[in-house]
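Visitor: You'll find start33.csv just under this line, and it carries CSV, C-alpha atoms.
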chain,number,residue,atom,x,y,z
A,434,SER,CA,0.0,0.0,0.0
A,435,TYR,CA,1.1,3.7,-0.4
A,436,THR,CA,-0.4,6.9,1.1
A,437,PHE,CA,-0.2,10.4,-0.5
A,438,THR,CA,-0.1,13.0,2.3
A,439,GLY,CA,-0.7,16.8,2.0
A,440,VAL,CA,-1.7,16.5,-1.7
A,441,ALA,CA,-1.2,19.9,-3.5
A,442,ALA,CA,-0.7,18.8,-7.0
A,443,ASP,CA,-1.4,16.0,-9.5
A,444,HIS,CA,0.4,12.7,-9.0
A,445,THR,CA,0.6,9.3,-10.7
A,446,ILE,CA,1.0,5.8,-9.2
A,447,HIS,CA,1.7,2.7,-11.1
A,448,ALA,CA,1.7,-0.9,-9.9
A,449,SER,CA,3.3,-3.8,-11.8
A,450,PHE,CA,2.9,-7.6,-11.0
A,451,SER,CA,4.9,-10.9,-11.6
A,452,LEU,CA,3.8,-14.5,-11.4
A,453,LEU,CA,4.6,-16.4,-8.1
A,454,PRO,CA,6.3,-19.9,-8.5
A,455,PRO,CA,3.7,-22.7,-8.1
A,456,PRO,CA,3.8,-24.7,-4.9
A,457,THR,CA,5.5,-28.1,-4.8
A,458,TYR,CA,4.9,-31.2,-2.6
A,459,THR,CA,6.6,-34.4,-1.3
A,460,VAL,CA,5.2,-37.8,-2.3
A,461,THR,CA,6.3,-40.8,-0.3
A,462,PHE,CA,5.9,-44.4,-1.5
A,463,ASN,CA,5.7,-47.3,1.0
A,464,VAL,CA,6.2,-50.6,-0.8
A,465,SER,CA,5.5,-54.0,0.8
A,466,ASP,CA,4.5,-57.5,0.1
A,467,ASN,CA,2.8,-60.1,2.3
A,468,GLN,CA,6.0,-60.5,4.3
A,469,GLY,CA,6.5,-56.8,5.0
A,470,ALA,CA,8.6,-54.0,3.6
A,471,VAL,CA,10.2,-54.6,0.2
A,472,GLN,CA,13.7,-53.2,-0.3
A,473,GLY,CA,15.1,-52.5,-3.8
A,474,ALA,CA,11.8,-52.0,-5.6
A,475,SER,CA,12.0,-49.5,-8.5
A,476,VAL,CA,9.5,-46.7,-8.2
A,477,THR,CA,9.0,-44.6,-11.4
A,478,PHE,CA,7.2,-41.3,-10.7
A,479,TYR,CA,7.3,-37.7,-11.9
A,480,GLY,CA,10.1,-38.5,-14.4
A,481,GLU,CA,12.4,-40.2,-11.9
A,482,THR,CA,13.1,-43.8,-10.8
A,483,LYS,CA,14.1,-44.5,-7.3
A,484,ALA,CA,14.8,-47.7,-5.3
A,485,THR,CA,13.1,-48.3,-2.1
A,486,ASP,CA,15.2,-48.4,1.1
A,487,VAL,CA,15.3,-51.0,3.8
A,488,GLN,CA,12.0,-49.7,5.1
A,489,GLY,CA,10.4,-50.0,1.6
A,490,LYS,CA,10.3,-46.2,1.2
A,491,ALA,CA,11.0,-44.0,-1.9
A,492,VAL,CA,10.6,-40.2,-1.4
A,493,PHE,CA,10.0,-37.8,-4.3
A,494,THR,CA,10.2,-34.0,-3.6
A,495,GLY,CA,9.4,-30.9,-5.6
A,496,VAL,CA,6.3,-32.5,-7.1
A,497,LEU,CA,3.8,-30.1,-8.7
A,498,ALA,CA,0.1,-30.5,-8.1
A,499,GLY,CA,-1.8,-32.7,-10.5
A,500,ASN,CA,-2.7,-36.3,-11.3
A,501,ARG,CA,0.5,-38.2,-11.5
A,502,ALA,CA,1.1,-41.8,-12.7
A,503,TYR,CA,3.5,-44.2,-11.1
A,504,THR,CA,4.9,-47.7,-11.7
A,505,VAL,CA,6.5,-50.0,-9.0
A,506,SER,CA,8.5,-53.0,-10.2
A,507,LYS,CA,10.8,-55.6,-8.8
A,508,THR,CA,12.2,-58.8,-10.2
A,509,GLY,CA,9.9,-61.7,-9.3
A,510,TYR,CA,6.9,-59.5,-8.6
A,511,ASN,CA,4.1,-58.3,-10.7
A,512,ASN,CA,4.3,-54.6,-11.6
A,513,ALA,CA,2.0,-52.2,-9.7
A,514,THR,CA,0.7,-49.1,-11.5
A,515,GLY,CA,-1.6,-46.3,-10.6
A,516,ASN,CA,-2.2,-42.6,-10.3
A,517,VAL,CA,-2.0,-40.2,-7.4
A,518,ASN,CA,-3.8,-36.9,-7.3
A,519,VAL,CA,-1.1,-34.5,-5.8
A,520,ASP,CA,-2.7,-31.5,-4.0
A,521,GLY,CA,-0.4,-31.7,-1.0
A,522,ASP,CA,2.2,-33.9,0.6
A,523,GLU,CA,1.1,-37.5,-0.2
A,524,THR,CA,1.8,-41.0,1.0
A,525,VAL,CA,1.2,-43.9,-1.4
A,526,ASN,CA,1.0,-47.4,0.0
A,527,VAL,CA,1.8,-50.1,-2.7
A,528,ILE,CA,1.5,-53.8,-2.1
A,529,LEU,CA,3.4,-56.0,-4.5
A,530,THR,CA,2.4,-59.6,-5.3
A,531,LYS,CA,4.9,-62.2,-6.3
A,532,LYS,CA,4.7,-63.6,-9.8
A,533,THR,CA,3.4,-67.2,-9.8
A,534,TYR,CA,4.1,-70.0,-12.2
A,535,THR,CA,2.3,-73.2,-13.1
A,536,ILE,CA,3.9,-76.6,-12.8
A,537,THR,CA,1.7,-79.1,-14.6
A,538,ALA,CA,2.1,-82.5,-12.9
A,539,THR,CA,0.7,-85.6,-14.6
A,540,ALA,CA,1.0,-89.4,-14.2
A,541,GLY,CA,0.2,-92.3,-16.5
A,542,ALA,CA,-1.6,-95.5,-15.5
A,543,GLY,CA,-0.2,-97.5,-12.7
A,544,GLY,CA,0.7,-94.8,-10.2
A,545,ASN,CA,0.3,-91.2,-9.1
A,546,ILE,CA,2.2,-88.0,-8.6
A,547,ASN,CA,1.6,-85.8,-5.6
A,548,PRO,CA,0.7,-82.9,-5.9
A,549,ALA,CA,-1.0,-83.4,-9.2
A,550,GLY,CA,-2.6,-81.1,-11.8
A,551,SER,CA,-1.8,-77.4,-12.1
A,552,VAL,CA,0.3,-76.5,-9.2
A,553,GLN,CA,0.9,-72.8,-8.5
A,554,VAL,CA,4.4,-71.8,-7.3
A,555,GLU,CA,5.6,-68.3,-6.3
A,556,HIS,CA,8.7,-66.8,-8.0
A,557,GLY,CA,11.9,-68.1,-6.5
A,558,SER,CA,10.2,-70.8,-4.4
A,559,ASN,CA,10.8,-74.6,-4.4
A,560,ARG,CA,8.3,-77.4,-5.0
A,561,LEU,CA,8.7,-81.1,-4.3
A,562,PHE,CA,6.8,-83.8,-6.1
A,563,ASN,CA,6.5,-87.4,-5.0
A,564,ILE,CA,6.0,-90.3,-7.5
A,565,THR,CA,4.4,-93.4,-6.1
A,566,PRO,CA,3.7,-96.6,-8.2
A,567,ASN,CA,0.6,-98.7,-7.5
A,568,THR,CA,1.0,-102.3,-6.2
A,569,GLY,CA,2.6,-104.4,-8.9
A,570,TYR,CA,3.9,-101.4,-10.8
A,571,GLU,CA,7.3,-99.6,-10.9
A,572,ILE,CA,8.3,-96.2,-12.1
A,573,GLU,CA,9.3,-96.4,-15.7
A,574,ASP,CA,10.5,-92.8,-16.3
A,575,VAL,CA,10.0,-89.2,-15.2
A,576,LYS,CA,10.2,-86.3,-17.6
A,577,VAL,CA,10.7,-82.7,-16.6
A,578,ASP,CA,9.9,-80.2,-19.3
A,579,GLY,CA,9.9,-83.1,-21.7
A,580,VAL,CA,13.4,-84.3,-20.8
A,581,SER,CA,13.9,-87.7,-19.0
A,582,ILE,CA,15.5,-87.6,-15.6
A,583,GLY,CA,15.1,-91.4,-15.0
A,584,ALA,CA,12.9,-93.5,-12.7
A,585,VAL,CA,13.2,-91.2,-9.7
A,586,SER,CA,10.6,-91.3,-6.9
A,587,THR,CA,10.9,-87.6,-6.0
A,588,TYR,CA,11.8,-84.4,-7.8
A,589,ASN,CA,12.3,-80.9,-6.4
A,590,PHE,CA,11.9,-77.8,-8.5
A,591,THR,CA,14.2,-75.2,-7.0
A,592,ASN,CA,14.1,-71.4,-7.4
A,593,VAL,CA,11.2,-71.5,-9.8
A,594,THR,CA,11.2,-68.6,-12.3
A,595,THR,CA,9.1,-70.1,-15.2
A,596,ASN,CA,6.4,-72.6,-15.9
A,597,HIS,CA,7.3,-76.3,-16.0
A,598,THR,CA,5.9,-79.7,-16.6
A,599,ILE,CA,6.6,-83.1,-14.9
A,600,HIS,CA,5.2,-86.4,-16.1
A,601,ALA,CA,5.6,-89.9,-14.7
A,602,THR,CA,5.0,-93.2,-16.5
A,603,PHE,CA,4.8,-96.6,-14.9
A,604,ARG,CA,5.0,-100.2,-16.0
A,605,LEU,CA,4.0,-103.6,-14.6
A,606,LYS,CA,6.8,-105.2,-12.6
A,607,SER,CA,8.4,-108.3,-14.1
A,608,TYR,CA,9.7,-111.2,-12.0
A,609,THR,CA,11.9,-114.3,-12.3
A,610,ILE,CA,10.7,-117.5,-10.7
A,611,VAL,CA,13.6,-119.9,-10.0
A,612,VAL,CA,12.9,-123.5,-9.2
A,613,SER,CA,15.1,-126.4,-8.2
A,614,ALA,CA,15.0,-129.9,-6.8
A,615,ASN,CA,16.6,-131.0,-3.4
A,616,PRO,CA,18.4,-133.3,-3.7
A,617,PRO,CA,18.8,-133.1,-7.5
A,618,ALA,CA,18.3,-136.9,-7.7
A,619,GLY,CA,15.1,-136.7,-5.8
A,620,GLY,CA,12.9,-135.6,-8.7
A,621,SER,CA,12.2,-133.0,-11.4
A,622,VAL,CA,10.5,-129.6,-11.3
A,623,SER,CA,8.8,-127.4,-13.9
A,624,GLY,CA,7.1,-124.0,-14.2
A,625,GLY,CA,10.0,-121.7,-13.5
A,626,GLY,CA,10.7,-118.7,-15.8
A,627,ASN,CA,9.9,-115.0,-16.3
A,628,TYR,CA,6.4,-113.6,-15.4
A,629,THR,CA,4.8,-110.1,-15.2
A,630,HIS,CA,2.9,-109.0,-12.1
A,631,GLY,CA,-0.4,-110.7,-11.7
A,632,ASP,CA,0.4,-113.8,-13.9
A,633,THR,CA,-0.4,-117.2,-12.5
A,634,VAL,CA,2.6,-119.4,-11.9
A,635,ASN,CA,2.0,-123.2,-12.0
A,636,LEU,CA,4.8,-125.3,-10.5
A,637,VAL,CA,4.9,-129.1,-10.6
A,638,ALA,CA,7.3,-131.3,-8.6
A,639,THR,CA,7.6,-134.9,-9.8
A,640,PRO,CA,9.5,-137.4,-7.5
A,641,SER,CA,12.0,-139.9,-8.9
A,642,GLU,CA,11.5,-143.6,-8.2
A,643,GLY,CA,12.1,-144.4,-4.6
A,644,TYR,CA,11.5,-140.8,-3.4
A,645,GLU,CA,8.5,-138.9,-2.2
A,646,PHE,CA,7.7,-135.3,-2.4
A,647,VAL,CA,8.0,-133.4,0.9
A,648,ASN,CA,7.2,-129.7,0.2
A,649,TRP,CA,8.0,-126.5,-1.6
A,650,THR,CA,10.2,-124.2,0.5
A,651,GLU,CA,11.4,-120.6,0.1
A,652,ASN,CA,14.3,-119.5,2.2
A,653,ALA,CA,14.0,-122.8,4.1
A,654,VAL,CA,10.3,-122.0,5.0
A,655,GLN,CA,7.5,-124.2,3.7
A,656,VAL,CA,5.1,-122.5,1.4
A,657,SER,CA,3.2,-125.5,0.1
A,658,ALA,CA,2.9,-129.2,0.9
A,659,ASN,CA,1.3,-129.9,-2.6
A,660,ALA,CA,3.5,-131.1,-5.4
A,661,ALA,CA,1.4,-128.9,-7.8
A,662,TYR,CA,1.8,-125.4,-6.4
A,663,SER,CA,0.1,-122.3,-8.0
A,664,PHE,CA,0.4,-118.7,-7.0
A,665,THR,CA,0.2,-115.2,-8.4
A,666,ALA,CA,3.5,-113.6,-9.4
A,667,THR,CA,4.1,-110.5,-7.2
A,668,ALA,CA,7.9,-110.7,-6.6
A,669,ASN,CA,11.0,-112.6,-7.6
A,670,ARG,CA,11.0,-116.0,-5.9
A,671,THR,CA,13.4,-118.8,-5.5
A,672,LEU,CA,11.6,-122.1,-4.6
A,673,VAL,CA,12.9,-125.5,-3.8
A,674,ALA,CA,11.0,-128.7,-4.3
A,675,ASN,CA,12.2,-131.0,-1.5
A,676,PHE,CA,12.2,-134.8,-1.9
A,677,ARG,CA,13.2,-137.5,0.5
A,678,LEU,CA,13.6,-141.3,0.6
A,679,LYS,CA,10.3,-142.7,1.8
A,680,THR,CA,9.9,-141.9,5.5
A,681,TYR,CA,7.8,-142.6,8.5
A,682,THR,CA,6.1,-140.1,10.8
A,683,ILE,CA,6.6,-140.0,14.6
A,684,THR,CA,3.8,-137.8,16.1
A,685,ALA,CA,5.1,-136.1,19.2
A,686,THR,CA,2.7,-134.3,21.5
A,687,ALA,CA,2.9,-132.7,25.0
A,688,GLY,CA,0.1,-131.8,27.4
A,689,THR,CA,-0.1,-128.6,29.5
A,690,GLY,CA,2.9,-127.9,31.7
A,691,GLY,CA,5.9,-128.7,29.4
A,692,SER,CA,7.2,-129.5,26.0
A,693,ILE,CA,8.6,-132.2,23.8
A,694,ASN,CA,11.3,-131.5,21.3
A,695,PRO,CA,11.0,-132.0,18.4
A,696,ALA,CA,7.2,-131.7,18.5
A,697,GLY,CA,4.5,-132.4,16.0
A,698,SER,CA,4.9,-134.7,13.0
A,699,VAL,CA,8.5,-135.7,12.8
A,700,ASN,CA,9.6,-137.4,9.6
A,701,VAL,CA,12.2,-140.1,10.0
A,702,THR,CA,13.9,-142.0,7.2
A,703,HIS,CA,13.6,-145.8,7.3
A,704,GLY,CA,16.2,-147.3,9.6
A,705,SER,CA,17.2,-144.1,11.2
A,706,ASN,CA,17.1,-143.1,14.9
A,707,GLN,CA,15.2,-140.2,16.3
A,708,SER,CA,15.6,-138.8,19.9
A,709,PHE,CA,13.1,-136.8,21.8
A,710,THR,CA,13.7,-134.6,24.8
A,711,ILE,CA,10.9,-133.9,27.3
A,712,THR,CA,11.1,-130.7,29.4
A,713,PRO,CA,8.7,-129.7,32.1
A,714,ASP,CA,7.8,-126.0,32.6
A,715,THR,CA,8.8,-124.3,35.9
A,716,GLY,CA,6.6,-125.8,38.7
A,717,TYR,CA,5.8,-129.0,36.8
A,718,ASP,CA,7.1,-132.6,36.8
A,719,ILE,CA,6.9,-135.2,34.1
A,720,GLU,CA,3.9,-137.4,34.9
A,721,ASP,CA,4.1,-140.1,32.2
A,722,VAL,CA,5.5,-140.8,28.7
A,723,LYS,CA,3.6,-143.1,26.4
A,724,VAL,CA,5.1,-144.6,23.2
A,725,ASP,CA,2.5,-146.0,20.8
A,726,GLY,CA,0.0,-145.7,23.7
A,727,VAL,CA,2.1,-147.8,26.2
A,728,SER,CA,3.5,-146.1,29.3
A,729,ILE,CA,7.3,-146.1,29.6
A,730,GLY,CA,7.3,-144.0,32.8
A,731,ALA,CA,8.3,-140.5,33.7
A,732,VAL,CA,11.4,-140.4,31.5
A,733,SER,CA,13.0,-137.1,30.3
A,734,SER,CA,14.2,-138.5,26.9
A,735,TYR,CA,13.4,-141.3,24.5
A,736,THR,CA,15.1,-142.6,21.4
A,737,PHE,CA,13.3,-144.5,18.6
A,738,ASN,CA,16.0,-146.8,17.2
A,739,ASN,CA,16.0,-148.3,13.7
A,740,VAL,CA,12.6,-146.9,12.8
A,741,THR,CA,10.6,-149.1,10.4
A,742,ALA,CA,7.1,-147.8,11.1
A,743,SER,CA,5.2,-144.8,12.2
A,744,HIS,CA,5.0,-144.1,15.9
A,745,THR,CA,3.5,-141.8,18.5
A,746,ILE,CA,5.0,-140.4,21.6
A,747,SER,CA,2.9,-138.4,24.1
A,748,VAL,CA,3.8,-136.7,27.4
A,749,THR,CA,1.7,-135.5,30.3
A,750,PHE,CA,2.8,-133.2,33.1
A,751,LYS,CA,1.6,-132.5,36.6
A,752,LEU,CA,2.1,-129.6,38.9
A,753,LYS,CA,4.9,-130.2,41.5
A,754,THR,CA,3.8,-130.7,45.1
A,755,TYR,CA,5.6,-129.4,48.1
A,756,SER,CA,5.5,-129.9,51.9
A,757,LEU,CA,5.1,-127.1,54.4
A,758,THR,CA,6.6,-127.6,57.8
A,759,THR,CA,5.7,-125.2,60.6
A,760,ASN,CA,7.6,-124.8,63.9
A,761,VAL,CA,7.3,-122.6,66.9
A,762,ILE,CA,9.7,-121.0,69.3
A,763,GLY,CA,8.1,-120.3,72.7
A,764,GLN,CA,4.5,-121.3,73.3
A,765,GLY,CA,1.8,-121.1,70.7
A,766,THR,CA,0.6,-122.7,67.5
A,767,VAL,CA,0.5,-122.1,63.8
A,768,THR,CA,-2.6,-122.7,61.7
A,769,LYS,CA,-2.5,-123.2,57.9
A,770,ASN,CA,-5.3,-122.2,55.5
A,771,PRO,CA,-5.8,-124.4,53.6
A,772,ASP,CA,-4.4,-127.1,55.9
A,773,LYS,CA,-3.1,-129.9,53.7
A,774,ALA,CA,-0.3,-132.4,53.7
A,775,THR,CA,1.1,-131.1,50.4
A,776,TYR,CA,0.5,-128.1,48.2
A,777,THR,CA,0.8,-127.6,44.4
A,778,HIS,CA,3.2,-125.2,42.7
A,779,GLY,CA,2.0,-121.6,43.0
A,780,GLU,CA,-0.6,-122.3,45.7
A,781,VAL,CA,-0.9,-119.5,48.4
A,782,VAL,CA,-1.1,-120.6,52.0
A,783,GLN,CA,-2.2,-118.3,54.8
A,784,LEU,CA,-0.3,-118.8,58.1
A,785,THR,CA,-1.7,-117.6,61.4
A,786,ALA,CA,0.4,-117.5,64.6
A,787,ASN,CA,-1.7,-118.2,67.7
A,788,PRO,CA,0.2,-117.3,71.0
A,789,SER,CA,-0.6,-119.2,74.2
A,790,ALA,CA,-1.7,-117.3,77.3
A,791,GLY,CA,1.1,-115.1,78.6
A,792,TRP,CA,2.9,-115.2,75.2
A,793,ALA,CA,2.8,-112.9,72.2
A,794,PHE,CA,3.7,-113.5,68.5
A,795,ASP,CA,7.0,-111.7,67.6
A,796,THR,CA,8.2,-112.6,64.1
A,797,TRP,CA,8.4,-115.2,61.3
A,798,SER,CA,11.6,-116.9,60.3
A,799,GLY,CA,12.8,-119.6,57.9
A,800,ASP,CA,11.0,-119.3,54.5
A,801,LEU,CA,8.8,-116.4,55.7
A,802,SER,CA,9.9,-113.2,57.3
A,803,GLY,CA,8.3,-110.1,58.8
A,804,SER,CA,5.8,-109.8,61.6
A,805,ALA,CA,2.5,-109.7,59.6
A,806,ASN,CA,0.0,-112.0,61.2
A,807,PRO,CA,-1.7,-113.6,59.4
A,808,ALA,CA,0.8,-113.8,56.5
A,809,ASN,CA,0.7,-115.4,53.0
A,810,LEU,CA,3.2,-117.8,51.6
A,811,THR,CA,3.5,-118.8,47.9
A,812,MET,CA,4.5,-122.4,47.5
A,813,ASN,CA,7.3,-122.8,44.9
A,814,GLY,CA,9.3,-125.4,46.8
A,815,ASN,CA,9.4,-127.3,50.1
A,816,LYS,CA,9.0,-124.7,52.9
A,817,THR,CA,9.8,-124.5,56.6
A,818,VAL,CA,8.4,-121.6,58.6
A,819,THR,CA,9.0,-120.9,62.3
A,820,ALA,CA,6.7,-118.7,64.4
A,821,ASP,CA,8.7,-116.9,67.2
A,822,PHE,CA,6.7,-116.2,70.4
A,823,VAL,CA,7.9,-114.2,73.3
A,824,ARG,CA,6.9,-114.3,77.0
A,825,VAL,CA,4.5,-111.6,78.2
A,826,TYR,CA,4.8,-110.6,81.9
A,827,THR,CA,2.7,-108.5,84.3
A,828,VAL,CA,4.5,-106.1,86.5
A,829,THR,CA,2.7,-104.7,89.6
A,830,PHE,CA,4.0,-101.7,91.5
A,831,ASN,CA,3.1,-101.2,95.3
A,832,VAL,CA,3.9,-97.6,96.4
A,833,SER,CA,4.0,-96.6,100.2
A,834,ASP,CA,5.6,-94.1,102.6
A,835,ASN,CA,6.4,-94.4,106.4
A,836,GLN,CA,2.8,-93.9,107.1
A,837,GLY,CA,1.6,-96.7,105.0
A,838,LYS,CA,0.2,-97.1,101.5
A,839,VAL,CA,0.1,-94.2,99.2
Please express what this file holds, its structure, as structure tokens.
Guide:
Amino acid sequence: SYTFTGVAADHTIHASFSLLPPPTYTVTFNVSDNQGAVQGASVTFYGETKATDVQGKAVFTGVLAGNRAYTVSKTGYNNATGNVNVDGDETVNVILTKKTYTITATAGAGGNINPAGSVQVEHGSNRLFNITPNTGYEIEDVKVDGVSIGAVSTYNFTNVTTNHTIHATFRLKSYTIVVSANPPAGGSVSGGGNYTHGDTVNLVATPSEGYEFVNWTENAVQVSANAAYSFTATANRTLVANFRLKTYTITATAGTGGSINPAGSVNVTHGSNQSFTITPDTGYDIEDVKVDGVSIGAVSSYTFNNVTASHTISVTFKLKTYSLTTNVIGQGTVTKNPDKATYTHGEVVQLTANPSAGWAFDTWSGDLSGSANPANLTMNGNKTVTADFVRVYTVTFNVSDNQGKV
């Protein structure tokens, strides 16, 4: 403003003007992903490109008002674009999403791949696939992006940066069935060879003259007692047809309380000897041994000599019996419950010490200890138990002074 004072003549006043510079603002970009701040992202805005710092920030100053476009990019992420209407200092929050790729996983007949189908994988991530054949199948080949990597059961895509494919193929397993005769002179065998999974294998064992078929074994374990043995091929197998000179059977059995060894149907070649051992369990005795139904007494072993026929041997056992002797020291008695002359193995007897008048029970000794009364004793052998009694006295005190009783 300007003031003319004491005006006494004409005057002129002229005002001239100039444009003021337009205002500028600061625009701050905060860039993050689902894990937090993203460092090193490129933010293109207002003619500049800046990288975000460790906090995911990129700051642009001197920005004129207006609607301004921006682009945020980073390797492995999808670009983020947008506009910000600048009419003051602004903060723009940008969330980046990682690029994803598709791994297409497929499997042929006879097995599976897991996971299967279109599998989404983030940029830079790893993805493991497991290949599993069905029963009777094996992995034939695995191809990654059309290139064979062999019959692997797992494959891991690492640092994925593009789409991929993985495909597994399977085939039926093939097996070899090996057969032989034991002894070789004992007979002939047929049916061995190569088979695929699920085929039926028919084996036949034919004994030579003077021999008889015993069984088919695998790893020395019987798998069939039939000369004609059929099964479904599910693995490589090596089977032996066992033959023997004509034999006799000794049937060996044992009752409860022990064992006979060998037991069951024991095959003995004509003219051979065969021994048997009889063993009672703990707490049992041999009661009797019968050969061909005839008792030979409570023997612990028996040998069949020069066997020319089939035989039987059977063994019975009985629980051991024990005696229980009770003694006393002092005056009193001991009662047994049950009160018997003998007891069987494992039987429990309750002993009660009964002191006479003027006596008291003190303790057990011998095969029983402690002072519990009554007490239990488990019979596992001949036992001797002593009840110790002690004398009980009555003490009377008479108290007086020089005048008489007090």
Visitor: Please identify all polymer residues within 12 Å of A:Tyr435, counting only C-alpha atoms, omitting same-chain residues fewer than 4 positions from it, and present them as JSON, numbers by chain.
Guide: {"A": [445, 446, 447, 448]}
Visitor: For A:Gln553, find every residue with an atom within 7 Å (counting only C-alpha atoms), except residues of its own chain fewer than 2 positions away, and show them as a ChimeraX atom specification.
Guide: /A:533-536,551,555
Visitor: To one decimal in Å, tell me the separation between atom CA of A:Phe737 and atom CA of A:Pro617.
Guide: 29.0 Å
Visitor: Calculated over only C-alpha atoms, which of the candidates A:Val637, A:Leu678, A:Val519, A:Ile729 has the smallest distance to A:Ala661?
Guide: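 Answer, going by the shortest atom-to-atom distance: A:Val637.
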Visitor: Just the residues within 10 Å of stretch 708-725 of chain A, please, counting all atoms listed in the file, with nothing from its chain fewer than 5 positions along; format it as a PyMOL selection string.
Guide: chain A and resi 683-685+687+689-696+730-738+743-754+777-779+812-814
Visitor: Once you have the residues from the selection above, write them out as a CSV table (one decimal), keeping the file's coordinate frame, restricted to C-alpha atoms.
Guide:
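What ended up in out04.csv:
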chain,number,residue,atom,x,y,z
A,683,ILE,CA,6.6,-140.0,14.6
A,684,THR,CA,3.8,-137.8,16.1
A,685,ALA,CA,5.1,-136.1,19.2
A,687,ALA,CA,2.9,-132.7,25.0
A,689,THR,CA,-0.1,-128.6,29.5
A,690,GLY,CA,2.9,-127.9,31.7
A,691,GLY,CA,5.9,-128.7,29.4
A,692,SER,CA,7.2,-129.5,26.0
A,693,ILE,CA,8.6,-132.2,23.8
A,694,ASN,CA,11.3,-131.5,21.3
A,695,PRO,CA,11.0,-132.0,18.4
A,696,ALA,CA,7.2,-131.7,18.5
A,730,GLY,CA,7.3,-144.0,32.8
A,731,ALA,CA,8.3,-140.5,33.7
A,732,VAL,CA,11.4,-140.4,31.5
A,733,SER,CA,13.0,-137.1,30.3
A,734,SER,CA,14.2,-138.5,26.9
A,735,TYR,CA,13.4,-141.3,24.5
A,736,THR,CA,15.1,-142.6,21.4
A,737,PHE,CA,13.3,-144.5,18.6
A,738,ASN,CA,16.0,-146.8,17.2
A,743,SER,CA,5.2,-144.8,12.2
A,744,HIS,CA,5.0,-144.1,15.9
A,745,THR,CA,3.5,-141.8,18.5
A,746,ILE,CA,5.0,-140.4,21.6
A,747,SER,CA,2.9,-138.4,24.1
A,748,VAL,CA,3.8,-136.7,27.4
A,749,THR,CA,1.7,-135.5,30.3
A,750,PHE,CA,2.8,-133.2,33.1
A,751,LYS,CA,1.6,-132.5,36.6
A,752,LEU,CA,2.1,-129.6,38.9
A,753,LYS,CA,4.9,-130.2,41.5
A,754,THR,CA,3.8,-130.7,45.1
A,777,THR,CA,0.8,-127.6,44.4
A,778,HIS,CA,3.2,-125.2,42.7
A,779,GLY,CA,2.0,-121.6,43.0
A,812,MET,CA,4.5,-122.4,47.5
A,813,ASN,CA,7.3,-122.8,44.9
A,814,GLY,CA,9.3,-125.4,46.8
Visitor: If we count only C-alpha atoms and set the cut-off at 6 Å, which residues sit around A:Gly704, ignoring sequence neighbours fewer than 3 positions away in its own chain? Please answer as a list of chain:residue names.
Guide: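 What passes the distance filter is A:Asn739, A:Val740, A:Thr741.
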Visitor: Fewer than 2 positions away in the same chain doesn't count, so skip those; otherwise give me all residues within 9 Å of A:Phe646, counting only C-alpha atoms, as a VMD selection string.
Guide: chain A and resid 619 to 620 638 to 640 644 648 to 649 658 to 660 674 to 679
Visitor: Could you give me, as number ranges by chain, the residues that have an atom at most 10 Å away from the point (11.6, -120.0, 59.5) in the coordinates of the file, using only C-alpha atoms?
Guide: A: 758-761, 796-802, 816-821
